[in-house]
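Okay, structure first, notes after.
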Amino acid sequence: NGNFRSIPSSNDADVALREYNDNKYEITAVGLGTSTRYAVCNQLGGSKWAMHREYGDACFHTKMKSITTSKIKQISFGPNNSYAIVMKSGFCYHSTLGGANSSYDRSGPWQSIEKHQNNISYVAMTGNKSEWIVGYGSNGWDSRGLSSTCLDQLREAKSDGTIKSVTLGRKDWYYAIHSSWGWYYNGTDTFKTAMKACNDKKIVAIW
């Protein structure tokens, strides 16, 4: 349950990770956004998070309290307080951009999530509109606005094996792709150093 992280020690996400490490809880999901948005879950169903408390039933806080957090596979945050919670079952709880008002609205992954609902493998968003990816099945994905480097490595990961997860940071060239063969990634020098240093990576969160 060890981890390599670069988070200010005063950040609540770092406090939660250290607490779970100290208690030897297995960390099963981590989502990072801005300094005021994070989520950390463990295998016993424990979870800690911070985000806005608006929008009624669509609020992240309300949703996290209503679901079994030990069954969460991935959590991602995006622009305009959007979020996606992917369950191990393939279902995705989300409040994302690109809703049903127009079939041409690709500002967020809403339509792709609904199209592939119950077969979702991963959802990731940057901090900008129209930069996202939705994975479904064993190797399918829909995406918008990703860097050419990220797309090239997605295709490489697909040819090498099965894509297990994709995580995006606040910019489109911050990413980590986990396939059955290994990891493909890009980001800051600190992030790349951490990825190289950790040989048995299971969960990667970046912002």
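Residues in the structure tokens are named by chain (A, B, ... in the order shown) and by number from 1 within that chain; ligands are numbered from 1 in the order shown.
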Find the residues around segment 64-71 of chain A up to 12 Å (only C-alpha atoms counted), leave out those fewer than 6 positions away in its own chain, and share them as a PyMOL selection string. chain A and resi 25-30+38-51+53+57-58+83-94
If we count only C-alpha atoms and set the cut-off at 12 Å, which residues sit around segment 178-183 of chain A, ignoring sequence neighbours fewer than 2 positions away in its own chain? Please answer as a ChimeraX atom specification. /A:121-122,135,138-139,153-168,175-176,185-186,192,195-196,198-205
Rows by chain and residue number, segment 62-145 of chain A within 12 Å of segment 169-172 of chain A, shortest pair, only C-alpha atoms, as a tab-separated table:
```
residue	atom	partner	partner_atom	distance
A:Ser76	CA	A:Gly169	CA	9.5
A:Phe77	CA	A:Gly169	CA	9.3
A:Gly78	CA	A:Arg170	CA	8.1
A:Pro79	CA	A:Arg170	CA	9.1
A:Ala124	CA	A:Gly169	CA	8.5
A:Met125	CA	A:Gly169	CA	7.4
A:Thr126	CA	A:Arg170	CA	4.4
A:Gly127	CA	A:Arg170	CA	4.4
A:Asn128	CA	A:Arg170	CA	7.2
A:Lys129	CA	A:Arg170	CA	10.7
A:Ser130	CA	A:Asp172	CA	10.2
A:Glu131	CA	A:Asp172	CA	6.8
A:Trp132	CA	A:Asp172	CA	8.4
A:Ile133	CA	A:Asp172	CA	10.6
A:Ser143	CA	A:Asp172	CA	11.4
A:Arg144	CA	A:Asp172	CA	10.0
A:Gly145	CA	A:Asp172	CA	7.5
```
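Each of A:Ile206, A:Val134, A:Ala16, A:Ala194 was compared to Lys115 of chain A using only C-alpha atoms, and A:Val134 turns out to be the nearest.
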Atomic separation - atom CA of Asp142 of chain A relative to atom CA of Ile113 of chain A, Å: 9.2 Å
As a PyMOL selection string, which residues of segment 126-202 of chain A does DSSP assign to strand (DSSP E or B)? chain A and resi 132-136+140-144+163-168+175-179+183-186
Would you mind writing down, as JSON, numbers by chain, each residue of segment 4-155 of chain A that DSSP on the backbone assigns to helix (DSSP H, G or I)? {"A": [12, 13, 14, 15, 16, 17, 18, 19, 20, 21, 22, 56, 57, 58, 60, 61, 62, 63, 64, 65, 66, 69, 70, 71, 79, 80, 81, 110, 111, 112, 113, 114, 115, 148, 149, 150, 151, 152, 153, 154, 155]}
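Neighbours of Asn11 of chain A closer than or equal to 9 Å, with only C-alpha atoms counted and sequence neighbours fewer than 4 positions away skipped, come out as A:Ile7, A:Val15, A:Ala16, A:Ser35, A:Thr36.
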Take atom CA of Asp105 of chain A and atom CA of Leu146 of chain A and report the distance between them in Å, one decimal. 16.5 Å
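Straight-line separation from atom CA of Trp207 of chain A to atom CA of Thr149 of chain A: 17.8 Å.
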